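Q: I am attaching a structure below and will ask some questions about it afterwards.
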Amino acid sequence: MRPLLAALAVLFLTACTLPVEGTESTPAPPTTGTAKLITAELAKVRVVPNRPKVPGYQRDRFGQTWSDNHAGVGGHNGCDTRNDMLAARLTAVQYRGHTKCVVTAGVLTSDPYTGHRIEFRKADASKLQIDHIYPLARAWDMGASTWPTQRRVDFANDEAANLLVVDGSANASKSDEGPGEWLPLNRTYRCTYVLEYLRVAAKYTLPITTTEASTARSITHTCP
């Protein structure tokens with residue numbers, strides 16, 4: 001009987017170590033790198049069911065396009081925000097005249113949204129665009145419609161937090177969508193994009209939608 005009892009004991013112990021139903025496929029929470037940072041930013045932002053539609057949005061509600069009259073990096077330096085961004089992000093930069101304010105040529109070595117190398121010439125300026133990570137129209141609907149004008153100007157020209165130099169066609173495909181509806185074609189940048197989007201939302205106390213929050217949680221399991 002002893003061999004039989006020993007076999008029964010092994011079977012009993014094995015059964016006791018089986019995973020509880022419904023928990024075996026639950027991924028572990030992120031603990032390092034970009035994934036951890038995304039999780040931390042998610043805890044700072046307010047989540048709303050949907051993006052409301054607030055009438056009255058126009059680009060000029062956020063001030064003159066690429067104004068120099070803002071409180072952030074590059075503000076009041078005599079050069080507009082678009083040229084500030086081009087000068088900072090491109091290599092082999094060429095300027096018009098001696099002012100170093102109008103960028104006429106340069107190279108974006110790796111577009112964050114596509115991963116492509118893009119040569120810029122001012123004659124084909126739309127090839128490179130300056131994108132708002134958290135789009136202006138979306139911000140208007142999510143609360144910016146109630147902000148003072150100068151806060152909207154600062155938001156629209158926040159070179160350090162909310163702006164990227166990107167491929168023009170990729171920017172057009174994004175439009176005013178957030179990460180719940182759109183992600184960069186360049187997969188290696190997706191985690192960084194979601195992180196930066198959340199950081200802008202937290203900085204300006206802008207909410208995100210449940211779809212965006214779900215996307216952010218899901219993407220943490222793909223981050224390096």
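Following the order of the structure tokens, first chain is A, next is B, and so on, with residues numbered from 1 inside each chain and ligands from 1 in the order they appear.
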Write out as a PyMOL selection string all residues of range 29-184 of chain A that DSSP puts in alpha helix (DSSP H) for this structure's backbone.
A: chain A and resi 33-42+81-89+136-142+149-156+168-174
Q: Could you tell me which of A:Arg152, A:Arg138, A:Lys100, A:Lys122 comes closest to Thr65 in chain A if we count only C-alpha atoms?
A: A:Arg152
Q: Can you work out which one of A:Thr220, A:Ser214, A:Thr109, A:Ser145 has the shortest atom-to-atom distance to Val93 in chain A, counting only C-alpha atoms?
A: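 Checking each of A:Thr220, A:Ser214, A:Thr109, A:Ser145 against Val93 in chain A, counting only C-alpha atoms, the winner is A:Thr109.
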Q: Counting only C-alpha atoms, what are the residues of range 86-115 of chain A within 12 Å of range 171-191 of chain A, and for each of them which pair of atoms is the nearest and at what distance in Å, to one decimal? Sort the table by chain and rising number, as a Markdown table.
A:
| residue | atom | partner | partner_atom | distance |
| --- | --- | --- | --- | --- |
| A:Ser110 | CA | A:Asn186 | CA | 10.2 |
| A:Asp111 | CA | A:Asn186 | CA | 8.7 |
| A:Pro112 | CA | A:Tyr189 | CA | 6.2 |
| A:Tyr113 | CA | A:Pro184 | CA | 4.8 |
| A:Thr114 | CA | A:Asn186 | CA | 4.7 |
| A:Gly115 | CA | A:Asn186 | CA | 5.6 |
Q: Those residues with C-alpha atoms, as a compact mmCIF listing (two decimals), in the first residue's frame please?
A:
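File written: selection33.txt
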# COMPACT_ATOMS: atom_id res chain seq x y z
CA SER A 110 14.82 59.72 -38.03
CA ASP A 111 11.20 60.84 -38.12
CA PRO A 112 9.62 59.63 -34.86
CA TYR A 113 6.33 58.68 -36.52
CA THR A 114 7.72 56.71 -39.48
CA GLY A 115 11.37 56.10 -38.68
Q: Could you pull the residues within 12 Å of Cys101 in chain A, counting only C-alpha atoms, minus those fewer than 5 positions along the same chain, as an NGL selection string?
A: :A and (68 or 74 or 77-88 or 93-96)
Q: Filtering to N, CA, C and O atoms, could you give me those residues as a compact mmCIF listing (two decimals), in the first residue's frame?
A:
# COMPACT_ATOMS: atom_id res chain seq x y z
N ASP A 68 6.11 83.58 -31.08
CA ASP A 68 7.28 83.65 -30.19
C ASP A 68 6.89 84.18 -28.82
O ASP A 68 7.70 84.19 -27.89
N GLY A 74 12.37 78.69 -25.70
CA GLY A 74 12.37 79.37 -26.99
C GLY A 74 11.50 80.61 -27.06
O GLY A 74 11.52 81.33 -28.06
N ASN A 77 12.61 84.72 -27.97
CA ASN A 77 14.01 84.69 -28.41
C ASN A 77 14.19 85.33 -29.79
O ASN A 77 15.28 85.30 -30.36
N GLY A 78 13.10 85.87 -30.34
CA GLY A 78 13.17 86.54 -31.63
C GLY A 78 12.90 85.64 -32.82
O GLY A 78 12.82 86.12 -33.95
N CYS A 79 12.76 84.33 -32.59
CA CYS A 79 12.48 83.37 -33.66
C CYS A 79 11.16 82.65 -33.36
O CYS A 79 10.86 82.37 -32.20
N ASP A 80 10.40 82.35 -34.41
CA ASP A 80 9.11 81.69 -34.17
C ASP A 80 9.32 80.21 -33.80
O ASP A 80 10.39 79.63 -34.03
N THR A 81 8.28 79.62 -33.25
CA THR A 81 8.38 78.26 -32.71
C THR A 81 8.72 77.23 -33.77
O THR A 81 9.51 76.31 -33.52
N ARG A 82 8.12 77.34 -34.95
CA ARG A 82 8.42 76.36 -36.00
C ARG A 82 9.91 76.33 -36.32
O ARG A 82 10.53 75.26 -36.38
N ASN A 83 10.50 77.49 -36.51
CA ASN A 83 11.92 77.53 -36.83
C ASN A 83 12.78 77.12 -35.65
O ASN A 83 13.85 76.52 -35.84
N ASP A 84 12.35 77.42 -34.44
CA ASP A 84 13.04 76.91 -33.26
C ASP A 84 13.11 75.39 -33.29
O ASP A 84 14.16 74.78 -33.04
N MET A 85 11.98 74.76 -33.59
CA MET A 85 11.91 73.29 -33.60
C MET A 85 12.77 72.70 -34.72
O MET A 85 13.48 71.71 -34.52
N LEU A 86 12.70 73.29 -35.90
CA LEU A 86 13.51 72.80 -37.01
C LEU A 86 15.00 72.91 -36.69
O LEU A 86 15.78 71.98 -36.92
N ALA A 87 15.39 74.05 -36.14
CA ALA A 87 16.80 74.26 -35.80
C ALA A 87 17.28 73.26 -34.75
O ALA A 87 18.43 72.81 -34.79
N ALA A 88 16.40 72.91 -33.82
CA ALA A 88 16.79 72.01 -32.73
C ALA A 88 16.80 70.54 -33.15
O ALA A 88 17.59 69.75 -32.62
N VAL A 93 21.84 71.98 -40.67
CA VAL A 93 20.87 73.07 -40.81
C VAL A 93 21.46 74.23 -41.60
O VAL A 93 22.61 74.63 -41.39
N GLN A 94 20.66 74.78 -42.49
CA GLN A 94 21.01 75.99 -43.24
C GLN A 94 19.97 77.07 -42.94
O GLN A 94 18.79 76.77 -42.78
N TYR A 95 20.44 78.32 -42.88
CA TYR A 95 19.56 79.43 -42.54
C TYR A 95 19.53 80.45 -43.66
O TYR A 95 20.45 80.54 -44.47
N ARG A 96 18.47 81.23 -43.66
CA ARG A 96 18.38 82.37 -44.57
C ARG A 96 19.09 83.55 -43.92
O ARG A 96 18.75 83.96 -42.80
Q: Using only C-alpha atoms, pick whichever of A:Pro207, A:Pro224, A:Pro49, A:Gly72 has the shortest atom-to-atom distance to Ala144 in chain A.
A: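 Nearest candidate to Ala144 in chain A out of A:Pro207, A:Pro224, A:Pro49, A:Gly72: A:Pro207.
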Q: Ranking A:Asp60, A:Asp167, A:Asp131, A:Glu196 by minimum distance to Val153 in chain A and counting only C-alpha atoms, which one comes first?
A: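 Result for the nearest residue to Val153 in chain A: A:Asp60.
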Q: Could you list, as a list in words, every residue within 10 Å of Gly143 in chain A, counting only C-alpha atoms and ignoring same-chain residues fewer than 3 positions away?
A: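 Selected residues are Pro52, Val54, Arg138, Ala139, Trp140, Thr146, Trp147, Tyr204, Thr205, Leu206 and Pro207 of chain A.
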Q: Quick one, how far is CA of Ala123 in chain A from CA of Asn157 in chain A?
A: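 CA of Asn157 in chain A lies 23.5 Å from CA of Ala123 in chain A.
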Q: Show me, as an mmCIF file with C-alpha atoms, in the first residue's frame, the residues that have an atom within 9 Å of Leu90 in chain A when counting only C-alpha atoms, minus same-chain residues fewer than 6 positions from it.
A:
data_model
loop_
_atom_site.group_PDB
_atom_site.id
_atom_site.type_symbol
_atom_site.label_atom_id
_atom_site.label_comp_id
_atom_site.auth_asym_id
_atom_site.auth_seq_id
_atom_site.Cartn_x
_atom_site.Cartn_y
_atom_site.Cartn_z
ATOM 1 C CA ALA A 105 17.289 73.265 -45.264
ATOM 2 C CA GLY A 106 18.322 70.374 -43.055
ATOM 3 C CA VAL A 107 17.940 66.663 -42.408
ATOM 4 C CA LEU A 108 15.623 64.880 -39.974
ATOM 5 C CA THR A 109 17.701 61.762 -39.431
ATOM 6 C CA PHE A 120 13.997 69.261 -45.675
ATOM 7 C CA VAL A 165 9.097 67.594 -35.977
#
Q: Record the distance separating CA of Cys223 in chain A and CA of Ala43 in chain A, expressed in Å with one decimal.
A: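 Computing it gives 17.9 Å between the two atoms.
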Q: In range 69-167 of chain A, what's strand (DSSP E) per DSSP? Answer as a list in words?
A: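 DSSP on the backbone gives strand (DSSP E) at Thr91, Ala92, Val93, Gln94, Tyr95, Val103, Thr104, Ala105, Gly106, Val107, Leu108, Ile118, Glu119, Phe120, Arg121, Leu128, Gln129, Ile130, Asp131, His132, Leu163, Leu164, Val165, Val166 and Asp167 of chain A.
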